[in-house]
Amino acid sequence: MPLTAQDPNHQDSSKLSAERQMANSLKLKKIPSPFHNERPNQTIVDLLVIHNISLPPGQFGTGKVEEFFTGKLNSEEHPFFEEIKDLQVSAHYFIDRTGSVIEFVDPDQRAWHAGVSSWHGRENCNDFSIGIELEGTDSQPYSDAQYFSLTQLVELLMTRYPAISAERIVGHCDIAPTRKTDPGESFDWQRFRELLSCP
Ligand SMILES: [Zn+2]
């Protein structure tokens, strides 16, 4: 539904429009992750999953997420790294606190972000979803730059994969509710959805 100036429940649409224009400077670089494989034949990509991660937990800008998703994390650097050293996980995208975006896995391929998961009765969400990691935690507010980059990235992906509708953008917590809480209460779904729907 388009936003209008008459709608008291939404922010002024011109402000949202300006915010969105700031998102038009998406910074994206590609760092290939070995942790991916082919999607099943004939898969229609129709789900987008939002996550959070920070390494060590709660620390930002360390470069350790890149190392983790590329299999290069040194387990001796931190006790938590020792715990996760044998995990082979990835996401298609990672958005750091400054809004910079890294593509680890081409979205035509299957990244390993969802784990045991189910969406409307369909299991193994990695098969048919795209995973986006926000650098963050469940409790610390995400940065403005992250919302802007996320919005622009998601719009690009929705154009490339038209089966991804706004209702098919979920949190990891929605597809693995007994295991996962991310992106957490710190993620402002209303703000994100308003940015996304801004004309
Ligand atoms: Zn997650």
# chains A, B, ... in the order shown; residues from 1 in each chain; ligands from 1
>>> residues_near_ligand(ligand="ligand 1", cutoff="12 Å", atoms="only C-alpha atoms and all ligand atoms", output="PyMOL selection string")
chain A and resi 48-54+89-91+94+112-117+125-126+130-138+170-177+179-184
>>> write_last_selection(atoms="N, CA and C atoms", output="CSV table (one decimal), in the first residue's frame")
chain,number,residue,atom,x,y,z
A,48,LEU,N,13.1,-14.8,2.1
A,48,LEU,CA,14.3,-14.0,2.5
A,48,LEU,C,14.4,-14.0,4.0
A,49,VAL,N,15.5,-14.4,4.5
A,49,VAL,CA,15.7,-14.6,5.9
A,49,VAL,C,16.7,-13.6,6.5
A,50,ILE,N,16.3,-12.8,7.5
A,50,ILE,CA,17.2,-11.9,8.1
A,50,ILE,C,17.7,-12.4,9.4
A,51,HIS,N,19.0,-12.3,9.6
A,51,HIS,CA,19.8,-12.8,10.8
A,51,HIS,C,20.6,-11.7,11.4
A,52,ASN,N,21.2,-12.0,12.6
A,52,ASN,CA,22.3,-11.2,13.0
A,52,ASN,C,23.5,-12.1,13.5
A,53,ILE,N,24.6,-11.5,13.4
A,53,ILE,CA,25.8,-12.1,13.9
A,53,ILE,C,26.8,-11.1,14.2
A,54,SER,N,27.7,-11.4,15.2
A,54,SER,CA,28.9,-10.5,15.5
A,54,SER,C,29.9,-11.4,16.2
A,89,VAL,N,29.3,-22.6,8.0
A,89,VAL,CA,28.1,-21.8,7.7
A,89,VAL,C,28.5,-20.6,6.9
A,90,SER,N,27.4,-20.0,6.3
A,90,SER,CA,27.6,-18.9,5.4
A,90,SER,C,26.3,-18.2,5.3
A,91,ALA,N,26.3,-17.0,4.7
A,91,ALA,CA,25.0,-16.4,4.3
A,91,ALA,C,25.3,-15.8,3.0
A,94,PHE,N,26.2,-10.1,4.1
A,94,PHE,CA,26.5,-9.6,5.4
A,94,PHE,C,26.6,-8.1,5.3
A,112,TRP,N,24.5,-21.6,3.5
A,112,TRP,CA,24.2,-22.5,4.6
A,112,TRP,C,24.0,-21.6,5.9
A,113,HIS,N,22.8,-21.0,5.9
A,113,HIS,CA,22.5,-20.0,6.9
A,113,HIS,C,21.3,-20.4,7.8
A,114,ALA,N,20.4,-21.2,7.4
A,114,ALA,CA,19.2,-21.4,8.1
A,114,ALA,C,19.2,-22.6,9.1
A,115,GLY,N,20.0,-23.6,8.7
A,115,GLY,CA,20.0,-24.8,9.6
A,115,GLY,C,18.7,-25.5,9.5
A,116,VAL,N,18.4,-26.3,10.6
A,116,VAL,CA,17.1,-27.0,10.7
A,116,VAL,C,16.1,-25.9,10.8
A,117,SER,N,15.1,-26.0,9.8
A,117,SER,CA,14.2,-24.8,9.7
A,117,SER,C,13.0,-25.3,8.9
A,125,CYS,N,14.9,-24.6,4.8
A,125,CYS,CA,14.7,-23.3,4.2
A,125,CYS,C,15.9,-22.8,3.3
A,126,ASN,N,17.1,-23.4,3.6
A,126,ASN,CA,18.3,-23.0,2.8
A,126,ASN,C,18.0,-23.3,1.3
A,130,ILE,N,17.1,-16.8,0.6
A,130,ILE,CA,18.3,-16.0,0.6
A,130,ILE,C,18.5,-15.5,2.1
A,131,GLY,N,19.7,-15.6,2.6
A,131,GLY,CA,20.0,-15.2,3.9
A,131,GLY,C,20.9,-14.0,4.0
A,132,ILE,N,20.4,-13.0,4.8
A,132,ILE,CA,21.1,-11.8,5.0
A,132,ILE,C,21.5,-11.6,6.5
A,133,GLU,N,22.7,-11.5,6.8
A,133,GLU,CA,23.2,-11.3,8.1
A,133,GLU,C,23.4,-9.8,8.4
A,134,LEU,N,22.9,-9.3,9.4
A,134,LEU,CA,23.2,-7.9,9.9
A,134,LEU,C,24.2,-8.1,11.0
A,135,GLU,N,25.3,-7.3,11.0
A,135,GLU,CA,26.2,-7.3,12.1
A,135,GLU,C,25.5,-6.7,13.3
A,136,GLY,N,25.3,-7.5,14.3
A,136,GLY,CA,24.6,-7.0,15.5
A,136,GLY,C,24.3,-8.1,16.5
A,137,THR,N,23.4,-7.7,17.4
A,137,THR,CA,22.9,-8.6,18.5
A,137,THR,C,21.4,-8.4,18.6
A,138,ASP,N,20.8,-9.3,19.4
A,138,ASP,CA,19.4,-9.2,19.6
A,138,ASP,C,18.9,-8.0,20.3
A,170,VAL,N,11.4,-12.8,6.4
A,170,VAL,CA,11.2,-13.3,7.8
A,170,VAL,C,12.5,-13.2,8.6
A,171,GLY,N,12.4,-13.4,9.8
A,171,GLY,CA,13.6,-13.5,10.7
A,171,GLY,C,14.0,-15.0,10.8
A,172,HIS,N,15.2,-15.2,11.2
A,172,HIS,CA,15.6,-16.6,11.5
A,172,HIS,C,14.8,-17.2,12.6
A,173,CYS,N,14.4,-16.3,13.5
A,173,CYS,CA,13.5,-16.7,14.6
A,173,CYS,C,12.2,-17.3,14.1
A,174,ASP,N,11.7,-16.9,13.0
A,174,ASP,CA,10.4,-17.3,12.4
A,174,ASP,C,10.5,-18.7,11.8
A,175,ILE,N,11.7,-19.1,11.4
A,175,ILE,CA,11.8,-20.4,10.7
A,175,ILE,C,12.5,-21.5,11.5
A,176,ALA,N,13.0,-21.0,12.7
A,176,ALA,CA,13.7,-22.0,13.6
A,176,ALA,C,13.4,-21.5,15.0
A,177,PRO,N,12.1,-21.4,15.4
A,177,PRO,CA,11.7,-20.7,16.6
A,177,PRO,C,12.2,-21.4,17.9
A,179,ARG,N,15.1,-22.7,18.2
A,179,ARG,CA,16.6,-22.6,18.3
A,179,ARG,C,17.1,-21.2,18.2
A,180,LYS,N,16.4,-20.4,17.5
A,180,LYS,CA,17.0,-19.1,17.1
A,180,LYS,C,16.1,-17.9,17.5
A,181,THR,N,16.8,-16.8,17.9
A,181,THR,CA,16.1,-15.6,18.2
A,181,THR,C,16.4,-14.4,17.3
A,182,ASP,N,17.4,-14.6,16.4
A,182,ASP,CA,17.8,-13.4,15.6
A,182,ASP,C,16.8,-13.2,14.5
A,183,PRO,N,16.7,-11.9,14.0
A,183,PRO,CA,17.5,-10.8,14.3
A,183,PRO,C,17.2,-10.1,15.7
A,184,GLY,N,16.2,-10.6,16.4
A,184,GLY,CA,16.0,-10.1,17.8
A,184,GLY,C,15.1,-8.9,17.9
>>> select_by_dssp(residues="segment 95-176 of chain A", states="strand (DSSP E or B)", output="number ranges by chain")
A: 95, 101-103, 109-111, 118-119, 122-123, 129-135, 169-171
>>> select_by_dssp(residues="segment 9-185 of chain A", states="alpha helix (DSSP H)", output="PyMOL selection string")
chain A and resi 13-22+64-69+79-84+144-160+172-175
>>> residues_around(residues="Glu66 of chain A", least_positions_apart="5", cutoff="12 Å", atoms="only C-alpha atoms", output="PyMOL selection string")
chain A and resi 29-34+53-55+60-61+71-74+89-96+101-104+133+135
>>> closest_residue(among="A:Phe35, A:Tyr161, A:Phe81, A:Phe148", to="Arg110 of chain A", atoms="only C-alpha atoms")
A:Phe35
>>> residues_around(residues="Asp108 of chain A", least_positions_apart="6", cutoff="10 Å", atoms="only C-alpha atoms", output="JSON, numbers by chain")
{"A": [37, 38, 39, 43, 44, 45, 92, 128, 129, 130, 161]}
>>> atom_distance(atom1="atom CA of Gln88 of chain A", atom2="atom CA of Phe69 of chain A")
7.6 Å
>>> closest_residue(among="A:Ser139, A:Thr178, A:Thr70, A:Thr151", to="Pro57 of chain A", atoms="only C-alpha atoms")
A:Ser139
>>> atom_distance(atom1="atom CA of Ser143 of chain A", atom2="atom CA of Glu194 of chain A")
16.0 Å
>>> residues_around(residues="Ala145 of chain A", least_positions_apart="5", cutoff="7 Å", atoms="only C-alpha atoms", output="mmCIF file with N, CA and C atoms, in the first residue's frame")
data_model
loop_
_atom_site.group_PDB
_atom_site.id
_atom_site.type_symbol
_atom_site.label_atom_id
_atom_site.label_comp_id
_atom_site.auth_asym_id
_atom_site.auth_seq_id
_atom_site.Cartn_x
_atom_site.Cartn_y
_atom_site.Cartn_z
ATOM 1 N N ARG A 97 28.104 -2.596 10.346
ATOM 2 C CA ARG A 97 27.479 -1.457 11.023
ATOM 3 C C ARG A 97 27.533 -0.184 10.194
ATOM 4 N N THR A 98 28.474 -0.108 9.247
ATOM 5 C CA THR A 98 28.573 1.091 8.406
ATOM 6 C C THR A 98 27.686 0.985 7.170
ATOM 7 N N GLY A 99 27.006 -0.150 7.018
ATOM 8 C CA GLY A 99 26.151 -0.330 5.855
ATOM 9 C C GLY A 99 26.844 -0.969 4.669
#
